[in-house]
file coords_25.json (JSON, C-alpha atoms and all ligand atoms)
[["chain", "number", "residue", "atom", "x", "y", "z"],
["A", 1326, "MET", "CA", -34.59, 2.61, -0.74],
["A", 1327, "ILE", "CA", -32.20, 2.20, -3.67],
["A", 1328, "PHE", "CA", -29.54, 4.91, -3.88],
["A", 1329, "TYR", "CA", -27.95, 5.11, -7.32],
["A", 1330, "PHE", "CA", -25.45, 7.00, -9.38],
["A", 1331, "SER", "CA", -25.10, 6.49, -13.13],
["A", 1332, "GLY", "CA", -23.24, 8.25, -15.93],
["A", 1333, "THR", "CA", -24.40, 6.43, -19.05],
["A", 1334, "GLY", "CA", -27.38, 4.42, -17.82],
["A", 1335, "ASN", "CA", -25.95, 1.00, -16.90],
["A", 1336, "SER", "CA", -26.20, 1.50, -13.16],
["A", 1337, "PHE", "CA", -29.54, 3.30, -13.49],
["A", 1338, "TYR", "CA", -30.91, 0.31, -15.38],
["A", 1339, "ALA", "CA", -29.67, -2.12, -12.72],
["A", 1340, "ALA", "CA", -31.05, 0.07, -9.92],
["A", 1341, "LYS", "CA", -34.42, 0.43, -11.62],
["A", 1342, "GLN", "CA", -34.75, -3.31, -12.22],
["A", 1343, "ILE", "CA", -34.08, -4.07, -8.55],
["A", 1344, "ALA", "CA", -36.24, -1.21, -7.21],
["A", 1345, "GLU", "CA", -39.26, -2.26, -9.28],
["A", 1346, "HIS", "CA", -38.92, -5.87, -8.18],
["A", 1347, "ILE", "CA", -38.71, -5.17, -4.46],
["A", 1348, "HIS", "CA", -41.05, -2.15, -4.55],
["A", 1349, "GLU", "CA", -38.56, 0.31, -3.12],
["A", 1350, "PRO", "CA", -38.10, 3.92, -4.29],
["A", 1351, "LEU", "CA", -35.10, 5.00, -6.37],
["A", 1352, "VAL", "CA", -33.09, 7.85, -4.87],
["A", 1353, "SER", "CA", -30.55, 9.77, -6.94],
["A", 1354, "ILE", "CA", -27.18, 10.27, -5.26],
["A", 1355, "ALA", "CA", -26.39, 13.06, -7.74],
["A", 1356, "ALA", "CA", -29.55, 14.99, -6.84],
["A", 1357, "ALA", "CA", -28.77, 14.67, -3.12],
["A", 1358, "VAL", "CA", -25.17, 15.83, -3.49],
["A", 1359, "ASN", "CA", -26.18, 18.70, -5.78],
["A", 1360, "SER", "CA", -28.82, 19.88, -3.32],
["A", 1361, "GLY", "CA", -26.02, 21.76, -1.57],
["A", 1362, "SER", "CA", -26.72, 20.02, 1.74],
["A", 1363, "GLN", "CA", -23.81, 18.37, 3.58],
["A", 1364, "ALA", "CA", -26.01, 15.79, 5.32],
["A", 1365, "TYR", "CA", -28.19, 13.35, 3.45],
["A", 1366, "LYS", "CA", -30.93, 12.28, 5.83],
["A", 1367, "TYR", "CA", -33.50, 9.56, 5.21],
["A", 1368, "THR", "CA", -35.91, 7.75, 7.51],
["A", 1369, "LEU", "CA", -36.07, 3.97, 7.18],
["A", 1370, "LYS", "CA", -39.09, 1.71, 7.44],
["A", 1371, "ASP", "CA", -38.99, -1.64, 9.27],
["A", 1372, "ARG", "CA", -37.34, -4.39, 7.19],
["A", 1373, "GLU", "CA", -36.65, -1.94, 4.40],
["A", 1374, "ALA", "CA", -33.84, -3.05, 2.06],
["A", 1375, "ILE", "CA", -31.22, -0.40, 1.32],
["A", 1376, "GLY", "CA", -29.22, -0.62, -1.88],
["A", 1377, "PHE", "CA", -26.28, 1.31, -3.33],
["A", 1378, "VAL", "CA", -25.88, 0.95, -7.10],
["A", 1379, "PHE", "CA", -22.98, 2.64, -8.86],
["A", 1380, "PRO", "CA", -20.45, 2.25, -11.68],
["A", 1381, "THR", "CA", -16.85, 1.24, -11.05],
["A", 1382, "HIS", "CA", -14.40, 4.09, -11.65],
["A", 1383, "SER", "CA", -10.80, 2.93, -11.74],
["A", 1384, "TRP", "CA", -11.49, -0.03, -9.44],
["A", 1385, "GLY", "CA", -13.26, 2.07, -6.85],
["A", 1386, "PRO", "CA", -16.61, 3.80, -6.40],
["A", 1387, "PRO", "CA", -17.04, 7.21, -8.08],
["A", 1388, "LYS", "CA", -15.95, 10.12, -5.91],
["A", 1389, "ILE", "CA", -19.52, 11.47, -5.77],
["A", 1390, "VAL", "CA", -20.67, 8.18, -4.21],
["A", 1391, "LEU", "CA", -18.02, 8.38, -1.49],
["A", 1392, "ASP", "CA", -18.97, 12.01, -0.80],
["A", 1393, "PHE", "CA", -22.59, 10.90, -0.45],
["A", 1394, "LEU", "CA", -21.75, 8.06, 1.94],
["A", 1395, "GLU", "CA", -19.73, 10.49, 4.04],
["A", 1396, "GLY", "CA", -22.83, 12.62, 4.66],
["A", 1397, "LEU", "CA", -25.40, 9.79, 4.77],
["A", 1398, "GLU", "CA", -27.65, 9.59, 7.84],
["A", 1399, "LEU", "CA", -30.23, 6.80, 7.99],
["A", 1400, "ASP", "CA", -32.73, 7.40, 10.76],
["A", 1401, "GLY", "CA", -34.04, 4.16, 12.26],
["A", 1402, "TYR", "CA", -31.13, 2.02, 11.00],
["A", 1403, "ASP", "CA", -31.08, -1.22, 12.97],
["A", 1404, "SER", "CA", -29.07, -3.86, 11.09],
["A", 1405, "HIS", "CA", -31.31, -3.30, 8.07],
["A", 1406, "TYR", "CA", -30.58, -5.40, 4.99],
["A", 1407, "MET", "CA", -28.02, -3.37, 3.03],
["A", 1408, "PHE", "CA", -26.54, -4.35, -0.32],
["A", 1409, "GLY", "CA", -24.24, -2.91, -2.96],
["A", 1410, "VAL", "CA", -24.20, -3.40, -6.73],
["A", 1411, "ALA", "CA", -21.21, -2.22, -8.75],
["A", 1412, "THR", "CA", -21.54, -2.22, -12.52],
["A", 1413, "CYS", "CA", -18.31, -2.40, -14.51],
["A", 1414, "GLY", "CA", -16.88, -3.03, -17.95],
["A", 1415, "GLY", "CA", -14.63, -5.87, -16.75],
["A", 1416, "ASN", "CA", -13.92, -6.05, -13.02],
["A", 1417, "ILE", "CA", -14.33, -3.98, -9.87],
["A", 1418, "GLY", "CA", -11.20, -4.67, -7.80],
["A", 1419, "ASN", "CA", -12.05, -4.03, -4.15],
["A", 1420, "ALA", "CA", -14.55, -1.24, -4.90],
["A", 1421, "MET", "CA", -17.23, -2.93, -2.76],
["A", 1422, "ASP", "CA", -14.84, -3.10, 0.21],
["A", 1423, "VAL", "CA", -14.23, 0.65, -0.13],
["A", 1424, "VAL", "CA", -17.98, 1.26, 0.11],
["A", 1425, "ASN", "CA", -18.30, -1.13, 3.03],
["A", 1426, "ARG", "CA", -15.43, 0.52, 4.91],
["A", 1427, "GLN", "CA", -17.10, 3.90, 4.50],
["A", 1428, "LEU", "CA", -20.42, 2.48, 5.78],
["A", 1429, "LYS", "CA", -18.72, 0.81, 8.74],
["A", 1430, "ARG", "CA", -17.23, 4.15, 9.77],
["A", 1431, "LYS", "CA", -20.83, 5.31, 10.13],
["A", 1432, "GLY", "CA", -21.94, 2.26, 12.10],
["A", 1433, "MET", "CA", -23.56, 0.48, 9.14],
["A", 1434, "GLU", "CA", -22.54, -2.53, 7.07],
["A", 1435, "LEU", "CA", -23.25, -4.26, 3.77],
["A", 1436, "SER", "CA", -25.13, -7.54, 4.15],
["A", 1437, "SER", "CA", -24.33, -8.58, 0.57],
["A", 1438, "GLY", "CA", -22.61, -7.25, -2.53],
["A", 1439, "PHE", "CA", -22.69, -7.94, -6.26],
["A", 1440, "SER", "CA", -20.97, -6.87, -9.45],
["A", 1441, "ILE", "CA", -22.45, -6.85, -12.94],
["A", 1442, "VAL", "CA", -20.35, -6.70, -16.09],
["A", 1443, "MET", "CA", -21.97, -4.29, -18.57],
["A", 1444, "PRO", "CA", -20.82, -2.43, -21.70],
["A", 1445, "ASN", "CA", -17.73, -0.32, -21.14],
["A", 1446, "ASN", "CA", -18.03, 3.47, -21.21],
["A", 1447, "TYR", "CA", -14.41, 4.31, -20.29],
["A", 1448, "ILE", "CA", -13.01, 5.54, -23.59],
["A", 1449, "ILE", "CA", -10.24, 7.73, -22.22],
["A", 1450, "MET", "CA", -7.88, 4.77, -22.33],
["A", 1451, "GLY", "CA", -9.72, 2.00, -24.21],
["A", 1452, "ASP", "CA", -12.72, 2.14, -26.50],
["A", 1453, "VAL", "CA", -16.36, 1.07, -26.35],
["A", 1454, "ASP", "CA", -17.10, -2.62, -26.81],
["A", 1455, "SER", "CA", -18.11, -3.92, -30.24],
["A", 1456, "LYS", "CA", -21.89, -4.07, -30.80],
["A", 1457, "GLU", "CA", -21.76, -7.88, -30.46],
["A", 1458, "ARG", "CA", -19.89, -7.66, -27.17],
["A", 1459, "GLN", "CA", -22.31, -5.03, -25.87],
["A", 1460, "GLU", "CA", -25.26, -7.31, -26.65],
["A", 1461, "ALA", "CA", -23.55, -10.32, -25.05],
["A", 1462, "LYS", "CA", -22.80, -8.30, -21.90],
["A", 1463, "LEU", "CA", -26.34, -6.90, -21.73],
["A", 1464, "SER", "CA", -27.92, -10.32, -21.99],
["A", 1465, "ALA", "CA", -25.56, -11.79, -19.36],
["A", 1466, "ALA", "CA", -26.38, -8.76, -17.18],
["A", 1467, "GLU", "CA", -30.08, -9.65, -17.37],
["A", 1468, "LYS", "CA", -29.36, -13.05, -15.85],
["A", 1469, "ALA", "CA", -27.11, -11.55, -13.17],
["A", 1470, "LEU", "CA", -29.83, -9.04, -12.31],
["A", 1471, "GLU", "CA", -32.40, -11.79, -12.00],
["A", 1472, "SER", "CA", -30.35, -13.58, -9.37],
["A", 1473, "ILE", "CA", -29.51, -10.32, -7.54],
["A", 1474, "ARG", "CA", -33.22, -9.47, -7.38],
["A", 1475, "GLU", "CA", -33.94, -12.90, -5.86],
["A", 1476, "ALA", "CA", -31.12, -12.55, -3.32],
["A", 1477, "VAL", "CA", -32.37, -9.12, -2.27],
["A", 1478, "MET", "CA", -36.01, -10.22, -2.17],
["A", 1479, "ASP", "CA", -35.03, -13.11, 0.15],
["A", 1480, "ARG", "CA", -32.75, -10.78, 2.18],
["A", 1481, "GLN", "CA", -29.83, -13.22, 1.69],
["A", 1482, "ARG", "CA", -26.92, -12.15, 3.88],
["A", 1483, "GLY", "CA", -23.22, -12.85, 3.44],
["A", 1484, "VAL", "CA", -23.50, -13.26, -0.34],
["A", 1485, "PHE", "CA", -20.64, -11.46, -2.09],
["A", 1486, "ARG", "CA", -20.64, -12.25, -5.82],
["A", 1487, "LEU", "CA", -17.91, -9.90, -7.01],
["A", 1488, "LYS", "CA", -15.71, -10.04, -10.11],
["A", 1489, "LYS", "CA", -12.64, -8.44, -8.60],
["A", 1490, "GLY", "CA", -9.92, -8.96, -11.22],
["A", 1491, "PHE", "CA", -6.27, -9.36, -10.34],
["A", 1492, "PRO", "CA", -4.49, -8.01, -8.39],
["A", 1493, "ALA", "CA", -7.53, -6.38, -6.75],
["A", 1494, "ARG", "CA", -5.53, -5.01, -3.81],
["A", 1495, "LEU", "CA", -3.13, -3.17, -6.07],
["A", 1496, "LEU", "CA", -5.83, -1.93, -8.45],
["A", 1497, "THR", "CA", -7.95, -0.45, -5.66],
["A", 1498, "GLY", "CA", -5.23, 0.31, -3.13],
["A", 1499, "VAL", "CA", -2.78, 2.03, -5.50],
["A", 1500, "VAL", "CA", -4.37, 2.82, -8.89],
["A", 1501, "HIS", "CA", -7.72, 4.07, -7.56],
["A", 1502, "PRO", "CA", -6.29, 6.69, -5.16],
["A", 1503, "MET", "CA", -4.01, 7.94, -7.97],
["A", 1504, "PHE", "CA", -7.06, 8.25, -10.23],
["A", 1505, "VAL", "CA", -9.00, 10.21, -7.60],
["A", 1506, "LYS", "CA", -6.03, 12.51, -6.92],
["A", 1507, "ASN", "CA", -4.74, 13.16, -10.45],
["A", 1508, "GLY", "CA", -6.93, 11.33, -12.97],
["A", 1509, "ILE", "CA", -9.99, 13.60, -12.96],
["A", 1510, "GLN", "CA", -9.12, 16.66, -15.02],
["A", 1511, "PRO", "CA", -12.29, 18.47, -16.14],
["A", 1512, "ALA", "CA", -10.18, 21.15, -17.84],
["A", 1513, "LYS", "CA", -9.43, 18.53, -20.51],
["A", 1514, "PHE", "CA", -13.07, 18.50, -21.65],
["A", 1515, "HIS", "CA", -13.87, 20.67, -24.64],
["A", 1516, "ALA", "CA", -16.52, 20.95, -27.33],
["A", 1517, "THR", "CA", -15.50, 20.96, -30.98],
["A", 1518, "ASP", "CA", -16.98, 23.21, -33.67],
["A", 1519, "SER", "CA", -19.77, 20.65, -34.23],
["A", 1520, "CYS", "CA", -21.29, 21.75, -30.91],
["A", 1521, "GLN", "CA", -24.75, 23.26, -31.42],
["A", 1522, "GLY", "CA", -25.17, 24.54, -27.86],
["A", 1523, "CYS", "CA", -28.13, 22.18, -27.25],
["A", 1524, "GLU", "CA", -27.36, 21.96, -23.51],
["A", 1525, "THR", "CA", -27.74, 18.17, -23.36],
["A", 1526, "CYS", "CA", -24.35, 17.93, -21.63],
["A", 1527, "GLU", "CA", -25.42, 20.42, -18.98],
["A", 1528, "LYS", "CA", -28.66, 18.52, -18.34],
["A", 1529, "VAL", "CA", -27.12, 15.04, -18.04],
["A", 1530, "CYS", "CA", -24.22, 16.13, -15.84],
["A", 1531, "GLY", "CA", -24.87, 14.46, -12.48],
["A", 1532, "SER", "CA", -22.36, 16.74, -10.80],
["A", 1533, "GLY", "CA", -24.04, 19.98, -11.96],
["A", 1534, "ASN", "CA", -20.62, 20.89, -13.31],
["A", 1535, "ILE", "CA", -21.44, 22.16, -16.82],
["A", 1536, "ALA", "CA", -22.86, 25.52, -17.90],
["A", 1537, "VAL", "CA", -23.62, 26.15, -21.56],
["A", 1538, "ASP", "CA", -23.31, 29.67, -22.81],
["A", 1539, "GLY", "CA", -23.17, 29.05, -26.53],
["A", 1540, "LYS", "CA", -20.70, 26.26, -25.77],
["A", 1541, "PRO", "CA", -20.22, 24.19, -22.62],
["A", 1542, "GLU", "CA", -17.83, 25.21, -19.85],
["A", 1543, "TRP", "CA", -16.73, 22.69, -17.24],
["A", 1544, "GLY", "CA", -16.23, 23.58, -13.57],
["A", 1545, "SER", "CA", -14.23, 21.60, -11.04],
["A", 1546, "ARG", "CA", -16.89, 19.30, -9.51],
["A", 1547, "CYS", "CA", -16.47, 16.51, -12.09],
["A", 1548, "THR", "CA", -16.57, 12.82, -11.10],
["A", 1549, "LEU", "CA", -15.57, 11.74, -14.65],
["A", 1550, "CYS", "CA", -18.73, 9.71, -15.32],
["A", 1551, "LEU", "CA", -18.49, 10.77, -19.02],
["A", 1552, "ALA", "CA", -22.26, 11.34, -19.38],
["A", 1553, "CYS", "CA", -21.61, 14.67, -21.11],
["A", 1554, "LEU", "CA", -19.37, 13.06, -23.69],
["A", 1555, "HIS", "CA", -21.49, 9.98, -24.43],
["A", 1556, "TYR", "CA", -24.89, 11.72, -24.52],
["A", 1557, "CYS", "CA", -23.78, 14.57, -26.82],
["A", 1558, "PRO", "CA", -26.04, 14.10, -29.86],
["A", 1559, "VAL", "CA", -23.36, 15.29, -32.32],
["A", 1560, "GLN", "CA", -20.33, 13.76, -30.59],
["A", 1561, "ALA", "CA", -18.79, 17.19, -30.17],
["A", 1562, "ILE", "CA", -17.36, 16.58, -26.71],
["A", 1563, "GLN", "CA", -13.81, 15.32, -26.32],
["A", 1564, "TYR", "CA", -11.48, 14.74, -23.37],
["A", 1565, "GLY", "CA", -8.08, 15.95, -24.52],
["A", 1566, "LYS", "CA", -7.21, 14.04, -27.68],
["A", 1567, "SER", "CA", -7.77, 10.61, -26.17],
["A", 1568, "THR", "CA", -11.47, 10.32, -27.06],
["A", 1569, "GLU", "CA", -11.19, 11.37, -30.70],
["A", 1570, "ARG", "CA", -12.13, 8.61, -33.14],
["A", 1571, "LYS", "CA", -13.57, 6.52, -30.30],
["A", 1572, "GLY", "CA", -17.12, 5.16, -30.12],
["A", 1573, "ARG", "CA", -19.84, 6.43, -27.82],
["A", 1574, "TYR", "CA", -22.08, 4.36, -25.53],
["A", 1575, "THR", "CA", -25.31, 4.89, -23.64],
["A", 1576, "ASN", "CA", -27.54, 2.14, -22.23],
["A", 1577, "ARG", "CA", -30.37, 1.64, -24.72],
["A", 1578, "ASN", "CA", -32.86, 0.61, -22.01],
["A", 1579, "VAL", "CA", -32.62, 3.98, -20.27],
["A", 1580, "SER", "CA", -34.06, 7.19, -21.67],
["A", 1581, "ILE", "CA", -32.18, 10.45, -21.50],
["A", 1582, "LYS", "CA", -35.15, 11.79, -19.49],
["A", 1583, "GLU", "CA", -34.48, 9.20, -16.79],
["A", 1584, "ILE", "CA", -30.82, 10.26, -16.63],
["A", 1585, "ILE", "CA", -31.75, 13.94, -16.44],
["A", 1586, "GLY", "CA", -34.46, 13.14, -13.86],
["A", 1587, "GLY", "CA", -31.74, 12.04, -11.44],
["A", 1601, "LIG", "C1", -13.68, 7.03, -15.20],
["A", 1601, "LIG", "C2", -14.09, 5.61, -15.45],
["A", 1601, "LIG", "C3", -13.34, 4.58, -14.93],
["A", 1601, "LIG", "C4", -13.72, 3.24, -15.15],
["A", 1601, "LIG", "N1", -13.01, 2.26, -14.54],
["A", 1601, "LIG", "C5", -13.41, 0.97, -14.66],
["A", 1601, "LIG", "C6", -12.75, -0.08, -13.95],
["A", 1601, "LIG", "O1", -11.83, 0.15, -13.16],
["A", 1601, "LIG", "N2", -13.14, -1.35, -14.17],
["A", 1601, "LIG", "C7", -14.16, -1.65, -15.03],
["A", 1601, "LIG", "O2", -14.47, -2.83, -15.20],
["A", 1601, "LIG", "N3", -14.87, -0.67, -15.68],
["A", 1601, "LIG", "C8", -14.51, 0.62, -15.51],
["A", 1601, "LIG", "N4", -15.23, 1.62, -16.13],
["A", 1601, "LIG", "C9", -16.41, 1.26, -16.93],
["A", 1601, "LIG", "C10", -17.73, 1.45, -16.16],
["A", 1601, "LIG", "O3", -17.60, 1.02, -14.82],
["A", 1601, "LIG", "C11", -18.90, 0.69, -16.78],
["A", 1601, "LIG", "O4", -19.04, 0.92, -18.13],
["A", 1601, "LIG", "C12", -20.19, 1.03, -16.01],
["A", 1601, "LIG", "O5", -21.15, 0.03, -16.20],
["A", 1601, "LIG", "C13", -20.76, 2.38, -16.41],
["A", 1601, "LIG", "O6", -21.92, 2.61, -15.64],
["A", 1601, "LIG", "P1", -22.91, 3.84, -15.87],
["A", 1601, "LIG", "O7", -23.46, 3.68, -17.28],
["A", 1601, "LIG", "O8", -23.96, 3.65, -14.83],
["A", 1601, "LIG", "O9", -22.12, 5.08, -15.71],
["A", 1601, "LIG", "C14", -14.87, 2.94, -15.94],
["A", 1601, "LIG", "C15", -15.62, 4.01, -16.46],
["A", 1601, "LIG", "C16", -15.25, 5.33, -16.22],
["A", 1601, "LIG", "C17", -16.08, 6.44, -16.78]]
call {"tool": "encode", "arguments": {"input": "coords_25.json", "output": "C-alpha cells"}}
result
Amino acid sequence: MIFYFSGTGNSFYAAKQIAEHIHEPLVSIAAAVNSGSQAYKYTLKDREAIGFVFPTHSWGPPKIVLDFLEGLELDGYDSHYMFGVATCGGNIGNAMDVVNRQLKRKGMELSSGFSIVMPNNYIIMGDVDSKERQEAKLSAAEKALESIREAVMDRQRGVFRLKKGFPARLLTGVVHPMFVKNGIQPAKFHATDSCQGCETCEKVCGSGNIAVDGKPEWGSRCTLCLACLHYCPVQAIQYGKSTERKGRYTNRNVSIKEIIGG
C-alpha cells in the first residue's frame, strides 16, 4: 500500500512509479483526511510493503501528512517493510526523521527512506526552476526512482539515501515548526480579475479548503501545497504579492484528473 500526498504532481508521479512496479495500490492521504474520519484504518497483507510518499514543506513533511500519521491504524502490522520517499526542490533536512518519529510513537518504524530532487514548486520565496533545470531534475529523478523501486522490490532494510542539506537539525528543528505555526496563511490567497470561476482550484485542493462561488474563497484547512495556484489555467491565483511575476509548475507526467482523483 503506497500512501501519498502531492500538491503539483511530483510526489504523485514518484508514488505511481513505485506502486506500479511493486503491484501495490495507491492510497490518497488527502482523501482519507478529508473523509472526516479521525482514524485511518487499513488491513495489511503478509509481506506487503507500505510506502509514504510526500513533498518536503519547509524541511518537514506537510501538516496533512502528520495529521494522517497521527490517526493511522494498520491492522496486521508485524514489522512489515515500511519506507518513506520525500520529494523536494533541493533538500529535505530531517523530514524523514519527523515521519519516523511519528510512526515510532504508534509502534511502527521505517525500514528505509529516500529523497528525490524534483522541480521546485515553492514560489512564495523563490521561483520555479528554469525549463532546463526542470528537465535535468526530472531525468535525474527517473534514475533515482529506478533504484528506489529496486530497493523496495528487494525489501532492502536500513537504506537511508537522503539529501538532508545543512544544517539539517536547525532547518527541521527550528525553521519547520515556525513554518507550521506561522507560515501557512490561507487568508493571503486571492484570485485576480482574470479568474473565470472555473473551479479548478477547488477540485485540485487536497485539503478540501476552497469553495468557488463566482470566485474562490479559502478556508483555514490549508497545508500550503500550492496546487490551487499552480493548476489555475489563467494564473489568476496569488499568495499576497510574493507570487506575482513568478512562474508556475506542474509535473507534466501527471494529469490534472489524477490529482483531482486523490
Ligand atoms: C510550502 C512549501 C515548502 C517547501 N519547502 C521545501 C524545502 O524545505 N526544501 C525543498 O527542497 N523543497 C521545498 N519545497 C519544494 C517541494 O518540496 C518540491 O517541489 C516537491 O517535489 C513538490 O511536490 P508535489 O508536486 O508532490 O507537491 C517546498 C514547497 C512548498 C509548497
call {"tool": "atom_distance", "arguments": {"input": "coords_25.json", "atom1": "atom N2 of ligand LIG 1601 (chain A)", "atom2": "CA of Gly1418 in chain A"}}
result
7.4 Å
call {"tool": "residues_near_point", "arguments": {"input": "coords_25.json", "point": "(-21.9, 3.0, -9.7)", "cutoff": "9 Å", "atoms": "only C-alpha atoms", "output": "number ranges by chain"}}
result
A: 1329-1332, 1335-1337, 1377-1382, 1386-1387, 1390, 1410-1413
call {"tool": "axis_aligned_box", "arguments": {"input": "coords_25.json", "around": "ligand LIG 1601 (chain A)", "padding_each_side": "6 Å", "output": "AutoDock Vina command-line options"}}
result
--center_x -17.9 --center_y 2.1 --center_z -15.6 --size_x 24.1 --size_y 21.9 --size_z 17.0
call {"tool": "residues_around", "arguments": {"input": "coords_25.json", "residues": "Ser1472 in chain A", "least_positions_apart": "3", "cutoff": "12 Å", "atoms": "only C-alpha atoms", "output": "JSON, numbers by chain"}}
result
{"A": [1339, 1342, 1343, 1346, 1439, 1440, 1441, 1465, 1466, 1467, 1468, 1469, 1475, 1476, 1477, 1478, 1479, 1481, 1484, 1486]}
call {"tool": "atom_distance", "arguments": {"input": "coords_25.json", "atom1": "CA of Val1537 in chain A", "atom2": "CA of Gln1521 in chain A"}}
result
10.3 Å
call {"tool": "decode", "arguments": {"input": "coords_25.json", "residues": "range 1513-1536 of chain A", "atoms": "N, CA and C atoms", "output": "mmCIF file, in the first residue's frame"}}
result
data_model
loop_
_atom_site.group_PDB
_atom_site.id
_atom_site.type_symbol
_atom_site.label_atom_id
_atom_site.label_comp_id
_atom_site.auth_asym_id
_atom_site.auth_seq_id
_atom_site.Cartn_x
_atom_site.Cartn_y
_atom_site.Cartn_z
ATOM 1 N N LYS A 1513 -3.990 34.814 2.789
ATOM 2 C CA LYS A 1513 -3.190 35.548 1.797
ATOM 3 C C LYS A 1513 -3.524 35.154 0.358
ATOM 4 N N PHE A 1514 -4.203 34.019 0.177
ATOM 5 C CA PHE A 1514 -4.568 33.624 -1.186
ATOM 6 C C PHE A 1514 -5.683 34.528 -1.701
ATOM 7 N N HIS A 1515 -5.591 34.908 -2.960
ATOM 8 C CA HIS A 1515 -6.703 35.627 -3.589
ATOM 9 C C HIS A 1515 -6.661 35.397 -5.093
ATOM 10 N N ALA A 1516 -7.809 35.594 -5.729
ATOM 11 C CA ALA A 1516 -7.874 35.447 -7.184
ATOM 12 C C ALA A 1516 -7.989 36.837 -7.802
ATOM 13 N N THR A 1517 -7.212 37.079 -8.839
ATOM 14 C CA THR A 1517 -7.253 38.379 -9.514
ATOM 15 C C THR A 1517 -8.469 38.445 -10.456
ATOM 16 N N ASP A 1518 -8.613 39.561 -11.132
ATOM 17 C CA ASP A 1518 -9.759 39.734 -12.046
ATOM 18 C C ASP A 1518 -9.722 38.767 -13.231
ATOM 19 N N SER A 1519 -8.563 38.141 -13.486
ATOM 20 C CA SER A 1519 -8.512 37.168 -14.598
ATOM 21 C C SER A 1519 -9.288 35.902 -14.278
ATOM 22 N N CYS A 1520 -9.624 35.692 -13.006
ATOM 23 C CA CYS A 1520 -10.325 34.465 -12.594
ATOM 24 C C CYS A 1520 -11.638 34.322 -13.368
ATOM 25 N N GLN A 1521 -11.846 33.081 -13.905
ATOM 26 C CA GLN A 1521 -13.077 32.841 -14.667
ATOM 27 C C GLN A 1521 -14.052 31.945 -13.902
ATOM 28 N N GLY A 1522 -13.718 31.688 -12.649
ATOM 29 C CA GLY A 1522 -14.617 30.857 -11.813
ATOM 30 C C GLY A 1522 -14.721 29.424 -12.292
ATOM 31 N N CYS A 1523 -13.639 28.875 -12.883
ATOM 32 C CA CYS A 1523 -13.704 27.532 -13.488
ATOM 33 C C CYS A 1523 -13.698 26.401 -12.460
ATOM 34 N N GLU A 1524 -13.383 26.724 -11.233
ATOM 35 C CA GLU A 1524 -13.407 25.759 -10.115
ATOM 36 C C GLU A 1524 -12.255 24.763 -10.109
ATOM 37 N N THR A 1525 -11.260 24.950 -10.988
ATOM 38 C CA THR A 1525 -10.108 24.036 -10.978
ATOM 39 C C THR A 1525 -9.449 24.047 -9.605
ATOM 40 N N CYS A 1526 -9.281 25.230 -9.031
ATOM 41 C CA CYS A 1526 -8.614 25.344 -7.719
ATOM 42 C C CYS A 1526 -9.358 24.530 -6.666
ATOM 43 N N GLU A 1527 -10.676 24.607 -6.694
ATOM 44 C CA GLU A 1527 -11.483 23.868 -5.715
ATOM 45 C C GLU A 1527 -11.258 22.361 -5.892
ATOM 46 N N LYS A 1528 -11.204 21.926 -7.164
ATOM 47 C CA LYS A 1528 -11.092 20.492 -7.434
ATOM 48 C C LYS A 1528 -9.719 19.946 -7.069
ATOM 49 N N VAL A 1529 -8.655 20.717 -7.290
ATOM 50 C CA VAL A 1529 -7.310 20.177 -7.021
ATOM 51 C C VAL A 1529 -6.883 20.342 -5.562
ATOM 52 N N CYS A 1530 -7.664 21.063 -4.784
ATOM 53 C CA CYS A 1530 -7.258 21.310 -3.390
ATOM 54 C C CYS A 1530 -7.369 20.025 -2.567
ATOM 55 N N GLY A 1531 -6.215 19.483 -2.188
ATOM 56 C CA GLY A 1531 -6.190 18.231 -1.421
ATOM 57 C C GLY A 1531 -6.755 18.386 -0.025
ATOM 58 N N SER A 1532 -6.846 19.613 0.452
ATOM 59 C CA SER A 1532 -7.359 19.826 1.809
ATOM 60 C C SER A 1532 -8.853 20.124 1.816
ATOM 61 N N GLY A 1533 -9.490 20.149 0.656
ATOM 62 C CA GLY A 1533 -10.921 20.480 0.578
ATOM 63 C C GLY A 1533 -11.188 21.840 1.190
ATOM 64 N N ASN A 1534 -10.282 22.770 0.917
ATOM 65 C CA ASN A 1534 -10.288 24.054 1.635
ATOM 66 C C ASN A 1534 -10.802 25.220 0.790
ATOM 67 N N ILE A 1535 -11.185 24.935 -0.476
ATOM 68 C CA ILE A 1535 -11.578 26.036 -1.369
ATOM 69 C C ILE A 1535 -13.020 25.836 -1.835
ATOM 70 N N ALA A 1536 -13.797 26.888 -1.796
ATOM 71 C CA ALA A 1536 -15.154 26.861 -2.358
ATOM 72 C C ALA A 1536 -15.254 28.010 -3.351
#
